[in-house]
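Engineer: This is the content of data_25.txt (compact mmCIF, C-alpha atoms):
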# COMPACT_ATOMS: atom_id res chain seq x y z
CA MET A 1 20.27 101.70 -14.11
CA ASP A 2 18.94 102.32 -10.59
CA GLN A 3 17.80 99.58 -8.20
CA VAL A 4 14.14 99.86 -9.27
CA GLY A 5 15.13 99.49 -12.93
CA LEU A 6 17.34 96.56 -12.00
CA GLU A 7 14.48 94.89 -10.15
CA TYR A 8 12.30 95.22 -13.25
CA ARG A 9 15.06 93.79 -15.44
CA LEU A 10 15.49 90.80 -13.10
CA THR A 11 11.72 90.25 -13.13
CA GLU A 12 11.76 90.08 -16.92
CA ILE A 13 14.64 87.62 -16.90
CA LEU A 14 12.95 85.39 -14.33
CA ALA A 15 9.66 85.40 -16.24
CA ARG A 16 11.49 84.23 -19.37
CA VAL A 17 13.37 81.53 -17.49
CA VAL A 18 10.28 80.14 -15.77
CA SER A 19 8.26 80.18 -18.96
CA GLU A 20 11.01 78.42 -20.98
CA GLY A 21 11.59 75.98 -18.13
CA GLY A 22 8.21 74.38 -18.72
CA ALA A 23 6.38 75.64 -15.63
CA LYS A 24 2.77 74.51 -15.55
CA ALA A 25 1.28 78.02 -15.40
CA PRO A 26 4.03 80.57 -16.06
CA ARG A 27 3.13 84.14 -15.20
CA PRO A 28 4.14 87.20 -17.25
CA ALA A 29 6.64 89.59 -15.69
CA ALA A 30 3.89 92.04 -14.75
CA GLN A 31 2.33 89.43 -12.48
CA LEU A 32 5.51 88.53 -10.61
CA SER A 33 5.70 90.27 -7.26
CA PRO A 34 9.22 91.35 -6.26
CA THR A 35 8.59 90.26 -2.70
CA GLU A 36 7.13 86.84 -3.51
CA GLU A 37 9.33 83.88 -2.52
CA PHE A 38 10.86 81.95 -5.44
CA ALA A 39 9.42 78.81 -3.84
CA THR A 40 5.86 80.03 -4.46
CA LEU A 41 6.75 81.24 -7.95
CA GLY A 42 7.63 77.63 -8.87
CA VAL A 43 11.34 78.32 -9.46
CA ASN A 44 13.11 74.95 -9.23
CA SER A 45 16.86 74.42 -8.83
CA VAL A 46 17.48 74.30 -12.60
CA ASP A 47 15.44 77.49 -13.18
CA LEU A 48 17.38 79.21 -10.41
CA MET A 49 20.73 78.29 -11.99
CA GLU A 50 19.50 79.43 -15.41
CA PHE A 51 18.28 82.73 -13.89
CA ILE A 52 21.69 83.35 -12.31
CA LEU A 53 23.53 82.46 -15.51
CA ARG A 54 21.41 84.86 -17.54
CA VAL A 55 21.73 87.69 -15.05
CA GLU A 56 25.51 87.21 -15.04
CA LYS A 57 25.62 87.18 -18.82
CA GLU A 58 23.13 89.95 -19.58
CA LEU A 59 24.38 92.32 -16.88
CA ASN A 60 28.01 91.26 -17.10
CA VAL A 61 28.36 90.73 -13.37
CA ASP A 62 29.77 87.87 -11.27
CA LEU A 63 27.23 86.65 -8.73
CA LEU A 64 28.30 83.23 -7.51
CA GLY A 65 32.08 83.73 -7.35
CA ASN A 66 32.19 84.50 -3.64
CA MET A 67 28.59 84.01 -2.58
CA LEU A 68 28.01 82.31 0.76
CA PRO A 69 24.99 80.05 1.30
CA ASN A 70 23.25 82.43 3.68
CA GLU A 71 23.54 85.25 1.10
CA LEU A 72 21.41 83.45 -1.51
CA PRO A 73 18.35 85.68 -2.04
CA SER A 74 14.92 84.11 -2.26
CA THR A 75 12.92 86.98 -3.81
CA LEU A 76 13.41 89.28 -6.79
CA ARG A 77 13.83 92.24 -4.46
CA GLY A 78 16.46 90.33 -2.54
CA TRP A 79 18.28 89.60 -5.79
CA ALA A 80 18.10 93.25 -6.81
CA GLU A 81 19.63 94.24 -3.47
CA PHE A 82 22.35 91.62 -3.91
CA VAL A 83 23.13 92.43 -7.55
CA TYR A 84 22.96 96.24 -7.40
CA PRO A 85 26.19 96.98 -5.47
CA ARG A 86 28.07 94.40 -7.55
CA LEU A 87 26.75 95.97 -10.71
CA GLN A 88 27.93 99.39 -9.50
CA ARG A 89 31.39 97.94 -8.80
CA SER A 90 31.64 96.19 -12.16
CA THR A 91 30.47 99.37 -13.96
CA ARG A 92 33.14 101.43 -12.17
CA THR A 93 35.88 98.96 -13.09
CA MET B 1 13.32 77.71 7.93
CA ILE B 2 15.91 75.67 6.03
CA GLU B 3 19.27 75.21 7.70
CA ILE B 4 22.37 73.96 5.90
CA ARG B 5 24.61 72.08 8.32
CA THR B 6 26.62 68.92 8.85
CA TYR B 7 24.67 65.68 8.61
CA ASP B 8 24.07 64.43 12.16
CA GLY B 9 22.39 61.06 11.57
CA GLU B 10 23.48 57.50 10.96
CA PRO B 11 24.54 55.90 7.66
CA ALA B 12 21.33 53.86 7.37
CA GLU B 13 19.15 56.99 7.67
CA LEU B 14 21.19 58.77 5.00
CA ALA B 15 20.92 55.76 2.70
CA ALA B 16 17.17 55.48 3.26
CA PHE B 17 16.69 59.20 2.50
CA CYS B 18 18.75 59.13 -0.71
CA THR B 19 17.47 55.80 -1.99
CA GLY B 20 13.84 56.58 -1.12
CA HIS B 21 13.80 59.86 -3.03
CA TRP B 22 15.79 58.50 -5.97
CA ARG B 23 13.38 55.58 -6.18
CA ASP B 24 10.34 57.89 -6.09
CA ARG B 25 11.79 60.27 -8.66
CA TYR B 26 13.55 57.95 -11.11
CA GLY B 27 12.30 54.44 -10.34
CA GLY B 28 11.02 52.70 -13.49
CA LYS B 29 12.45 55.44 -15.68
CA MET B 30 16.18 54.72 -15.53
CA ALA B 31 18.56 52.39 -13.72
CA ILE B 32 19.39 53.64 -10.22
CA PRO B 33 21.50 52.30 -7.35
CA LEU B 34 19.67 51.36 -4.16
CA TRP B 35 22.25 52.46 -1.62
CA GLY B 36 22.38 50.84 1.77
CA GLY B 37 23.75 51.90 5.15
CA PRO B 38 26.86 49.65 4.98
CA LEU B 39 28.03 51.32 1.73
CA LEU B 40 27.68 54.82 3.15
CA ASP B 41 29.22 53.75 6.44
CA TRP B 42 32.23 52.43 4.51
CA MET B 43 32.50 55.54 2.37
CA PHE B 44 31.81 58.39 4.75
CA PHE B 45 31.64 57.51 8.42
CA SER B 46 34.46 57.03 10.88
CA ASP B 47 35.51 58.15 14.34
CA GLN B 48 38.41 60.19 12.95
CA PRO B 49 38.26 63.93 13.77
CA GLY B 50 36.67 65.85 10.90
CA ALA B 51 35.26 62.73 9.24
CA ARG B 52 31.88 64.45 8.84
CA ASP B 53 33.27 67.81 7.71
CA LEU B 54 32.03 67.41 4.13
CA LEU B 55 28.74 65.68 4.93
CA VAL B 56 26.60 68.69 4.02
CA ALA B 57 22.87 68.37 4.56
CA ALA B 58 19.76 70.55 4.61
CA TYR B 59 17.29 70.41 7.44
CA ASP B 60 13.85 71.85 8.06
CA GLY B 61 13.94 71.76 11.85
CA THR B 62 14.90 68.16 12.53
CA ARG B 63 13.62 66.90 9.16
CA LEU B 64 16.32 65.96 6.66
CA VAL B 65 15.39 67.56 3.31
CA GLY B 66 18.63 67.49 1.27
CA THR B 67 22.06 65.87 1.17
CA LEU B 68 25.33 66.58 -0.62
CA PRO B 69 27.86 64.30 1.10
CA GLN B 70 31.49 64.35 -0.01
CA LYS B 71 34.66 62.70 1.18
CA THR B 72 38.13 64.22 1.47
CA VAL B 73 40.68 62.35 -0.63
CA GLN B 74 44.18 62.83 -1.95
CA TYR B 75 44.56 63.21 -5.73
CA GLN B 76 47.53 63.60 -8.02
CA LEU B 77 47.58 65.55 -11.25
CA ARG B 78 50.59 64.54 -13.35
CA GLY B 79 52.44 63.65 -10.16
CA GLN B 80 51.51 66.81 -8.22
CA PRO B 81 49.52 66.14 -5.03
CA ILE B 82 46.15 67.87 -4.60
CA VAL B 83 43.72 67.61 -1.71
CA GLY B 84 40.19 67.24 -2.98
CA SER B 85 37.03 65.28 -2.51
CA TYR B 86 34.53 63.12 -4.31
CA GLY B 87 30.87 62.70 -3.75
CA SER B 88 27.62 61.31 -4.93
CA PHE B 89 24.17 60.78 -3.37
CA PHE B 90 23.02 64.36 -4.12
CA THR B 91 19.36 64.29 -3.09
CA ILE B 92 16.58 66.81 -2.47
CA ASP B 93 13.21 66.03 -0.95
CA PRO B 94 10.81 66.94 -3.83
CA ALA B 95 8.60 68.85 -1.38
CA TYR B 96 11.53 71.29 -0.98
CA GLU B 97 12.53 71.38 -4.65
CA ASN B 98 11.80 75.10 -5.12
CA GLN B 99 13.63 76.49 -2.11
CA GLY B 100 17.13 76.92 -3.51
CA ILE B 101 18.46 74.10 -1.31
CA SER B 102 20.61 72.57 -4.06
CA LEU B 103 22.53 75.77 -4.65
CA LYS B 104 22.81 76.53 -0.93
CA MET B 105 24.41 73.13 -0.32
CA VAL B 106 26.78 73.64 -3.26
CA LEU B 107 27.83 77.03 -1.87
CA GLU B 108 28.32 75.52 1.59
CA GLN B 109 30.47 72.73 0.17
CA ARG B 110 32.55 75.32 -1.67
CA ARG B 111 32.96 77.34 1.53
CA ARG B 112 34.11 74.25 3.42
CA HIS B 113 36.50 73.21 0.64
CA ARG B 114 38.06 76.69 0.56
CA GLU B 115 38.44 76.63 4.32
CA ARG B 116 40.37 73.36 4.00
CA ASN B 117 42.44 74.39 0.96
CA ALA B 118 40.80 71.65 -1.09
CA PRO B 119 40.48 73.17 -4.57
CA LEU B 120 38.39 70.56 -6.35
CA THR B 121 35.71 67.92 -6.03
CA ALA B 122 34.87 65.12 -8.45
CA GLY B 123 31.77 63.10 -9.22
CA TYR B 124 29.58 61.66 -11.96
CA LEU B 125 26.58 62.95 -13.86
CA ILE B 126 24.15 60.71 -15.68
CA ARG B 127 24.22 61.48 -19.42
CA GLY B 128 21.33 61.55 -21.81
CA GLU B 129 18.53 60.61 -19.39
CA SER B 130 15.88 63.27 -19.84
CA VAL B 131 14.33 62.44 -16.47
CA SER B 132 17.50 63.30 -14.55
CA MET B 133 17.66 66.92 -13.40
CA GLY B 134 21.20 66.58 -12.06
CA HIS B 135 22.91 67.06 -15.42
CA GLN B 136 20.91 70.23 -16.11
CA PHE B 137 21.62 71.67 -12.68
CA TRP B 138 25.30 70.86 -12.29
CA LEU B 139 26.43 71.86 -15.76
CA ARG B 140 24.96 75.33 -15.26
CA LEU B 141 27.63 75.94 -12.63
CA ARG B 142 30.42 77.82 -14.37
CA ASP B 143 33.08 76.09 -12.28
CA MET B 144 31.90 72.58 -13.23
CA HIS B 145 33.80 70.81 -16.04
CA VAL B 146 33.26 67.53 -17.81
CA VAL B 147 36.63 65.78 -17.73
CA ALA B 148 35.72 62.56 -19.49
CA ARG B 149 32.86 60.38 -20.55
CA ALA B 150 32.65 57.35 -18.33
CA GLY B 151 31.37 53.91 -19.18
CA LEU B 152 31.49 50.55 -17.52
CA TRP B 153 32.89 47.13 -18.21
CA VAL B 154 29.97 44.76 -17.69
CA ARG B 155 30.21 41.00 -17.21
CA LEU B 156 26.74 39.46 -17.24
CA ILE B 157 26.40 36.62 -14.75
CA ASP B 158 22.65 35.94 -14.95
CA HIS B 159 21.73 36.96 -18.48
CA ARG B 160 17.99 36.43 -18.03
CA VAL B 161 17.78 38.67 -14.96
CA MET B 162 19.95 41.30 -16.65
CA SER B 163 17.71 41.23 -19.72
CA ASP B 164 14.70 41.84 -17.49
CA PHE B 165 16.60 44.61 -15.66
CA LEU B 166 17.58 46.62 -18.75
CA PHE B 167 15.35 49.29 -20.29
CA HIS B 168 16.40 49.60 -23.92
CA PRO B 169 15.11 46.85 -26.24
CA PHE B 170 18.49 46.52 -27.99
CA GLU B 171 20.24 45.92 -24.66
CA LYS B 172 17.50 43.57 -23.41
CA TYR B 173 17.67 41.31 -26.46
CA GLY B 174 21.45 41.64 -26.59
CA ALA B 175 21.69 40.34 -23.02
CA ARG B 176 19.46 37.36 -23.83
CA ALA B 177 21.39 36.56 -27.00
CA LEU B 178 24.73 36.83 -25.22
CA GLY B 179 23.53 34.30 -22.67
CA TRP B 180 23.06 31.68 -25.41
CA PHE B 181 26.77 31.30 -25.90
CA GLN B 182 28.48 33.02 -22.97
CA GLY B 183 26.88 31.45 -19.92
CA PRO B 184 27.64 32.35 -16.31
CA PRO B 185 31.22 32.38 -15.03
CA LYS B 186 32.59 28.91 -14.34
CA ARG B 187 32.54 27.91 -10.70
CA THR B 188 36.16 28.29 -9.62
CA ALA B 189 37.39 27.61 -6.10
CA PRO B 190 40.32 29.68 -4.83
CA SER B 191 43.40 27.71 -5.82
CA ALA B 192 46.98 27.95 -4.65
CA GLY B 193 48.03 31.53 -4.12
CA ILE B 194 44.56 33.11 -4.30
CA ARG B 195 42.93 33.88 -0.98
CA PRO B 196 41.01 36.57 0.91
CA TYR B 197 42.90 39.73 1.85
CA ARG B 198 44.57 39.92 5.30
CA GLU B 199 45.86 43.01 7.10
CA ALA B 200 49.42 41.83 6.57
CA ASP B 201 48.89 42.25 2.79
CA LEU B 202 48.37 46.01 3.07
CA ALA B 203 51.93 47.07 2.21
CA ASP B 204 51.96 44.97 -0.98
CA CYS B 205 48.45 46.10 -1.93
CA LEU B 206 49.45 49.73 -1.36
CA ARG B 207 52.37 49.33 -3.75
CA LEU B 208 50.06 47.73 -6.34
CA ALA B 209 47.20 50.24 -5.94
CA ASN B 210 49.48 53.22 -6.39
CA GLU B 211 51.06 51.54 -9.39
CA VAL B 212 47.58 51.35 -10.95
CA GLY B 213 47.10 55.03 -10.03
CA ARG B 214 50.38 56.09 -11.59
CA ALA B 215 49.12 54.90 -14.98
CA ALA B 216 46.62 57.78 -14.79
CA GLU B 217 47.35 61.49 -15.25
CA PHE B 218 44.72 62.40 -12.67
CA GLY B 219 43.33 60.29 -9.89
CA LEU B 220 43.28 59.00 -6.37
CA VAL B 221 46.45 58.49 -4.37
CA TRP B 222 46.28 55.81 -1.72
CA ASP B 223 47.84 55.78 1.72
CA LYS B 224 47.73 52.98 4.29
CA THR B 225 44.68 54.31 6.11
CA ALA B 226 42.58 54.95 3.01
CA LEU B 227 43.52 51.70 1.28
CA GLY B 228 43.17 49.62 4.45
CA ARG B 229 39.58 50.82 4.75
CA GLN B 230 38.96 50.37 1.03
CA LEU B 231 40.07 46.74 1.16
CA SER B 232 38.47 45.70 4.44
CA HIS B 233 35.72 47.33 6.51
CA LYS B 234 33.20 45.40 8.61
CA GLY B 235 32.97 42.69 5.95
CA PHE B 236 31.45 45.03 3.35
CA PRO B 237 34.12 45.25 0.65
CA ARG B 238 35.52 41.96 -0.64
CA THR B 239 39.19 41.67 -1.52
CA LEU B 240 41.00 38.69 -3.01
CA VAL B 241 44.75 38.68 -3.34
CA ALA B 242 46.99 36.58 -5.57
CA GLU B 243 50.46 35.60 -4.44
CA HIS B 244 53.35 35.13 -6.83
CA GLY B 245 57.03 34.79 -6.10
CA GLY B 246 56.42 34.71 -2.36
CA ARG B 247 54.47 37.96 -2.09
CA VAL B 248 51.12 39.49 -3.01
CA ALA B 249 51.43 40.45 -6.66
CA GLY B 250 47.81 41.16 -7.57
CA PHE B 251 44.41 41.78 -6.04
CA VAL B 252 40.80 42.50 -6.85
CA ASN B 253 38.53 44.57 -4.61
CA TYR B 254 34.75 44.82 -5.02
CA PHE B 255 31.51 45.38 -3.16
CA LEU B 256 27.91 44.29 -3.67
CA GLN B 257 25.39 46.86 -4.84
CA GLN B 258 21.68 46.49 -5.56
CA TYR B 259 20.30 48.38 -8.59
CA LEU B 260 16.75 49.07 -9.74
CA GLY B 261 15.92 49.04 -13.43
CA ARG B 262 12.85 47.31 -14.78
CA ARG B 263 13.54 44.95 -11.90
CA GLU B 264 16.15 44.77 -9.17
CA MET B 265 19.54 43.21 -9.75
CA LEU B 266 22.63 42.71 -7.63
CA ALA B 267 26.02 43.70 -9.01
CA GLY B 268 29.55 43.08 -7.87
CA VAL B 269 31.14 46.49 -8.38
CA ILE B 270 34.89 46.19 -8.88
CA ASP B 271 36.75 49.20 -7.48
CA LEU B 272 40.36 48.11 -7.80
CA LEU B 273 42.05 45.51 -9.94
CA SER B 274 45.80 45.06 -10.04
CA VAL B 275 47.25 42.25 -12.12
CA SER B 276 50.32 43.73 -13.80
CA GLU B 277 52.79 41.80 -11.60
CA LEU B 278 51.05 38.47 -12.17
CA PRO B 279 51.79 36.02 -14.98
CA PRO B 280 48.96 35.71 -17.57
CA ASP B 281 47.47 32.52 -16.15
CA ALA B 282 47.34 33.91 -12.62
CA ARG B 283 45.62 37.08 -13.89
CA LYS B 284 42.84 35.04 -15.44
CA ARG B 285 42.58 32.82 -12.38
CA LEU B 286 42.24 35.78 -10.01
CA LEU B 287 39.45 37.33 -12.04
CA ARG B 288 37.77 33.95 -12.54
CA VAL B 289 37.75 33.30 -8.77
CA ALA B 290 36.33 36.79 -8.14
CA LEU B 291 33.54 36.30 -10.71
CA SER B 292 32.78 32.87 -9.33
CA GLN B 293 32.58 34.30 -5.81
CA MET B 294 30.25 37.07 -7.03
CA ALA B 295 28.00 34.47 -8.67
CA ALA B 296 27.94 32.44 -5.45
CA GLU B 297 26.94 35.61 -3.57
CA GLY B 298 23.94 36.04 -5.85
CA CYS B 299 25.29 38.72 -8.20
CA HIS B 300 23.64 39.06 -11.59
CA SER B 301 26.50 41.06 -13.09
CA ALA B 302 29.96 42.44 -12.43
CA LEU B 303 30.65 46.12 -13.12
CA PHE B 304 33.96 47.92 -13.42
CA LEU B 305 34.51 51.59 -14.28
CA ARG B 306 36.16 51.72 -17.70
CA VAL B 307 39.18 54.01 -17.69
CA ALA B 308 42.53 54.13 -19.41
CA GLY B 309 45.32 51.80 -18.32
CA GLN B 310 43.16 48.78 -17.52
CA PRO B 311 43.88 45.24 -18.75
CA ALA B 312 41.29 45.52 -21.54
CA TYR B 313 42.38 42.32 -23.25
CA LEU B 314 42.07 40.31 -20.03
CA LEU B 315 38.65 41.78 -19.25
CA SER B 316 37.40 41.00 -22.76
CA ARG B 317 38.70 37.44 -22.49
CA MET B 318 36.81 37.05 -19.22
CA GLY B 319 33.56 38.05 -20.89
CA PHE B 320 33.39 41.73 -19.93
CA ILE B 321 31.76 44.01 -22.48
CA ALA B 322 32.62 47.68 -22.84
CA GLU B 323 29.34 49.52 -22.36
CA ALA B 324 28.77 52.87 -24.10
CA PRO B 325 29.52 55.82 -21.78
CA HIS B 326 26.39 56.67 -19.80
CA TYR B 327 28.09 59.08 -17.41
CA ASP B 328 30.22 62.19 -17.32
CA TYR B 329 33.14 62.29 -14.91
CA VAL B 330 33.04 65.89 -13.71
CA ILE B 331 35.21 68.13 -11.58
CA GLN B 332 34.05 71.27 -9.84
CA SER B 333 36.69 73.89 -9.11
CA MET B 334 36.20 75.03 -5.53
CA ALA B 335 38.76 77.82 -5.62
CA PRO B 336 39.76 80.40 -8.24
CA ASP B 337 43.26 78.89 -8.46
CA ALA B 338 42.09 75.29 -8.81
CA PRO B 339 44.17 73.34 -11.34
CA VAL B 340 42.44 72.55 -14.61
CA VAL B 341 42.13 68.81 -15.17
CA LYS B 342 42.14 67.88 -18.84
CA THR B 343 42.82 64.21 -19.34
CA HIS B 344 41.05 60.96 -20.05
CA ARG B 345 43.61 58.95 -18.10
CA LEU B 346 41.87 58.70 -14.73
CA HIS B 347 42.12 56.63 -11.61
CA ALA B 348 38.73 56.91 -9.92
CA LEU B 349 36.14 54.83 -8.13
CA TRP B 350 32.69 54.27 -9.58
CA ARG B 351 29.95 55.66 -7.33
Do you think you could lay out the structure here as structure tokens?

Structural biologist:
Amino acid sequence: MDQVGLEYRLTEILARVVSEGGAKAPRPAAQLSPTEEFATLGVNSVDLMEFILRVEKELNVDLLGNMLPNELPSTLRGWAEFVYPRLQRSTRT
Amino acid sequence: MIEIRTYDGEPAELAAFCTGHWRDRYGGKMAIPLWGGPLLDWMFFSDQPGARDLLVAAYDGTRLVGTLPQKTVQYQLRGQPIVGSYGSFFTIDPAYENQGISLKMVLEQRRRHRERNAPLTAGYLIRGESVSMGHQFWLRLRDMHVVARAGLWVRLIDHRVMSDFLFHPFEKYGARALGWFQGPPKRTAPSAGIRPYREADLADCLRLANEVGRAAEFGLVWDKTALGRQLSHKGFPRTLVAEHGGRVAGFVNYFLQQYLGRREMLAGVIDLLSVSELPPDARKRLLRVALSQMAAEGCHSALFLRVAGQPAYLLSRMGFIAEAPHYDYVIQSMAPDAPVVKTHRLHALWR
């Protein structure tokens, strides 16, 4: 999976999480912009944790283990950029 | 731009921020503590170097928008010392709910704990309250573990006020009914051997407090500095000691805390109770004097965290009721090599 494919996969996961999380007007994945801030997408702290858990589980990658606070991405593109190298490493090992 | 940094304000401002947002979010929906500046001053603030190291906060410019304060403490796990922390008062300004502040503060706390070789932090989560987001957030962290369910010993002092305070009909009517035959604690003046704590009692109290702690497999370890502050600080905590055989052989330590349920109520929250070196009559007398003092101070109830190793029979005799566990005692591993705590025998403070 390349970074564009990964970004699409993350978008799908986030759309599911926000819709299951009871957001007032959840948007389908196609309407989620990869550069839109999570704050404007209505992603609350519980949704964010659920998103991270699912990405870790579905992509079999550790995200939070050594993350520093200033590394926390706030857009889907930012997450794709953060996850991609880790995914490459976990695939190699 | 949100910045995660050390809290730079005063205790009263921190209390007002936490209490204000908890009141707005949960008021009228579940029982919440209304924290005040003196409590937070006692818990977190001192002139010692590094005292604010774990007071993590989020700011938007100069505006405080989130807090995750914790306090460094010494624990023991089956006799092995561990540096750790405990915390409470986790609060986010709802206007900043969707900005990832909660997780950023958690990551910053973890960074600071790792820097200080403190591998774990402990706290409480409210169980079963659908309005509380804390449980949902914290238990999604893979390094967070529920160690034990936590309940309280409750001694009703003003049954009518407590009935009006409680939410669930069963508890409300139960409190009223209990008042018909239990009544408030009898007014009991301090008698021979029972008196307020003095600094000179610290060595005896330290021996007693750590004896209480040794009954637990995991819990706080006291030293002179920590216990001295716990027992006496600017008149906030109250401590009564009981002498026997020419030395202090028991003590009770509590503080006053306002809560908001369907109405406000004032509780005397017992943190430490040591009676094992006292004869049975003196044990009862010490607790009776403490309850009487709480009633005179306007308390509507006395609360005491229910953990293993406590004098359950004595507490029952004094009218305490074991409440169902409403909380989870949780530990977050802050380092990959953090020890795993699996025990119900705890020595902890209720916050």

Engineer: Residues within 12 Å of B:Arg52, please, as number ranges by chain. Count only C-alpha atoms; anything in the same chain fewer than 6 positions from it doesn't count.

Structural biologist: B: 5-11, 40-41, 43-46, 68-72, 112

Engineer: Point out the residue among B:Glu199, B:Ser191, B:Val241, B:Glu264 with the least atom-to-atom distance to B:Arg229, counting all atoms listed in the file.

Structural biologist: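 Nearest candidate to B:Arg229 out of B:Glu199, B:Ser191, B:Val241, B:Glu264: B:Glu199.
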
Engineer: Residues proximal to (19.5, 54.6, -15.7) were defined as those with any atom within 10 Å of that point in the file's coordinates, counting only C-alpha atoms. Which are they, as a ChimeraX atom specification?

Structural biologist: /B:26-33,126-129,131-132,166-167,259-262,326-327

Engineer: Give me, please, the distance in Å between atom CA of A:Met67 and atom CA of A:Ile52, quoted to one decimal.

Structural biologist: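 The value is 11.9 Å.
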
Engineer: Quick one: residues within 9 Å of (5.6, 90.2, -11.9) (file frame), counting only C-alpha atoms, please, as a ChimeraX atom specification.

Structural biologist: /A:8,11-12,15,27-34

Engineer: Can you tell me which residues surround A:Leu53 at a distance of at most 8 Å, considering all atoms listed in the file, apart from same-chain residues fewer than 4 positions away, and format the answer as a PyMOL selection string?

Structural biologist: (chain A and resi 49+57) or (chain B and resi 140)

Engineer: Suppose we keep C-alpha atoms; can you now write the selection as a PDB file, keeping the file's coordinate frame?

Structural biologist:
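Output (again-v5.pdb):
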ATOM      1  CA  MET A  49      20.730  78.290 -11.990  1.00  0.00           C
ATOM      2  CA  LYS A  57      25.620  87.180 -18.820  1.00  0.00           C
TER       3      LYS A  57
ATOM      4  CA  ARG B 140      24.960  75.330 -15.260  1.00  0.00           C
TER       5      ARG B 140
END

Engineer: Could you list, as a PyMOL selection string, every residue within 12 Å of A:Arg16, counting all atoms listed in the file and ignoring same-chain residues fewer than 2 positions away?

Structural biologist: chain A and resi 9-14+18-23+26-30+32+43+47-48+50-51+54-55

Engineer: Using only C-alpha atoms, I'd like a table of the residues in chain B that come within 6 Å of chain A; for each, show the closest atom pair and its distance in Å rounded to one decimal, ordered by chain and ascending number, as a tab-separated table.

Structural biologist:
residue	atom	partner	partner_atom	distance
B:Glu97	CA	A:Asn44	CA	5.8
B:Asn98	CA	A:Asn44	CA	4.3
B:Gln99	CA	A:Ala39	CA	5.1
B:Gly100	CA	A:Ser45	CA	5.9
B:Lys104	CA	A:Pro69	CA	4.7
B:Leu107	CA	A:Pro69	CA	5.2
B:Glu108	CA	A:Pro69	CA	5.6
B:Phe137	CA	A:Val46	CA	4.9

Engineer: Go through B:Pro336, B:Gly319, B:Pro119, B:Gly37 and flag the residue nearest B:Leu178, using all atoms listed in the file for the distances.

Structural biologist: B:Gly319

Engineer: Please measure the separation of atom CA of B:Leu266 and atom CA of B:Arg317, giving the value in Å to one decimal.

Structural biologist: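 Taking atom CA of B:Leu266 as the start and atom CA of B:Arg317 as the end point, the length is 22.5 Å.
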
Engineer: Could you put an axis-aligned box around every listed atom of stretch 326-342 of chain B, padded by 3 Å on each side, and send me its centre and edge lengths in Å to one decimal, as lines of an AutoDock Vina configuration file?

Structural biologist:
center_x = 35.3
center_y = 68.5
center_z = -12.7
size_x = 23.8
size_y = 29.7
size_z = 20.3

Engineer: To one decimal place in Å, what is the distance between atom CA of B:Val147 and atom CA of B:Ser316?

Structural biologist: 25.3 Å

Engineer: Within 8 Å of stretch 80-86 of chain A, counting only C-alpha atoms, which residues qualify if same-chain residues fewer than 6 places away don't, as a JSON list (two decimals) with C-alpha atoms, keeping the file's coordinate frame?

Structural biologist:
[["chain", "number", "residue", "atom", "x", "y", "z"],
["A", 2, "ASP", "CA", 18.94, 102.32, -10.59],
["A", 3, "GLN", "CA", 17.80, 99.58, -8.20],
["A", 6, "LEU", "CA", 17.34, 96.56, -12.00],
["A", 7, "GLU", "CA", 14.48, 94.89, -10.15],
["A", 10, "LEU", "CA", 15.49, 90.80, -13.10],
["A", 61, "VAL", "CA", 28.36, 90.73, -13.37],
["A", 62, "ASP", "CA", 29.77, 87.87, -11.27],
["A", 63, "LEU", "CA", 27.23, 86.65, -8.73],
["A", 73, "PRO", "CA", 18.35, 85.68, -2.04]]

Engineer: Find the residue from B:Gly151, B:Gly235, B:Pro169, B:Gly193 that sits nearest to B:Leu39; use only C-alpha atoms when measuring.

Structural biologist: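 Closest candidate: B:Gly235.
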
Engineer: Which residues come within 12 Å of B:Val248, counting only C-alpha atoms, excluding same-chain residues fewer than 4 positions away, as number ranges by chain?

Structural biologist: B: 193-209, 240-244, 252, 274-278, 282, 286
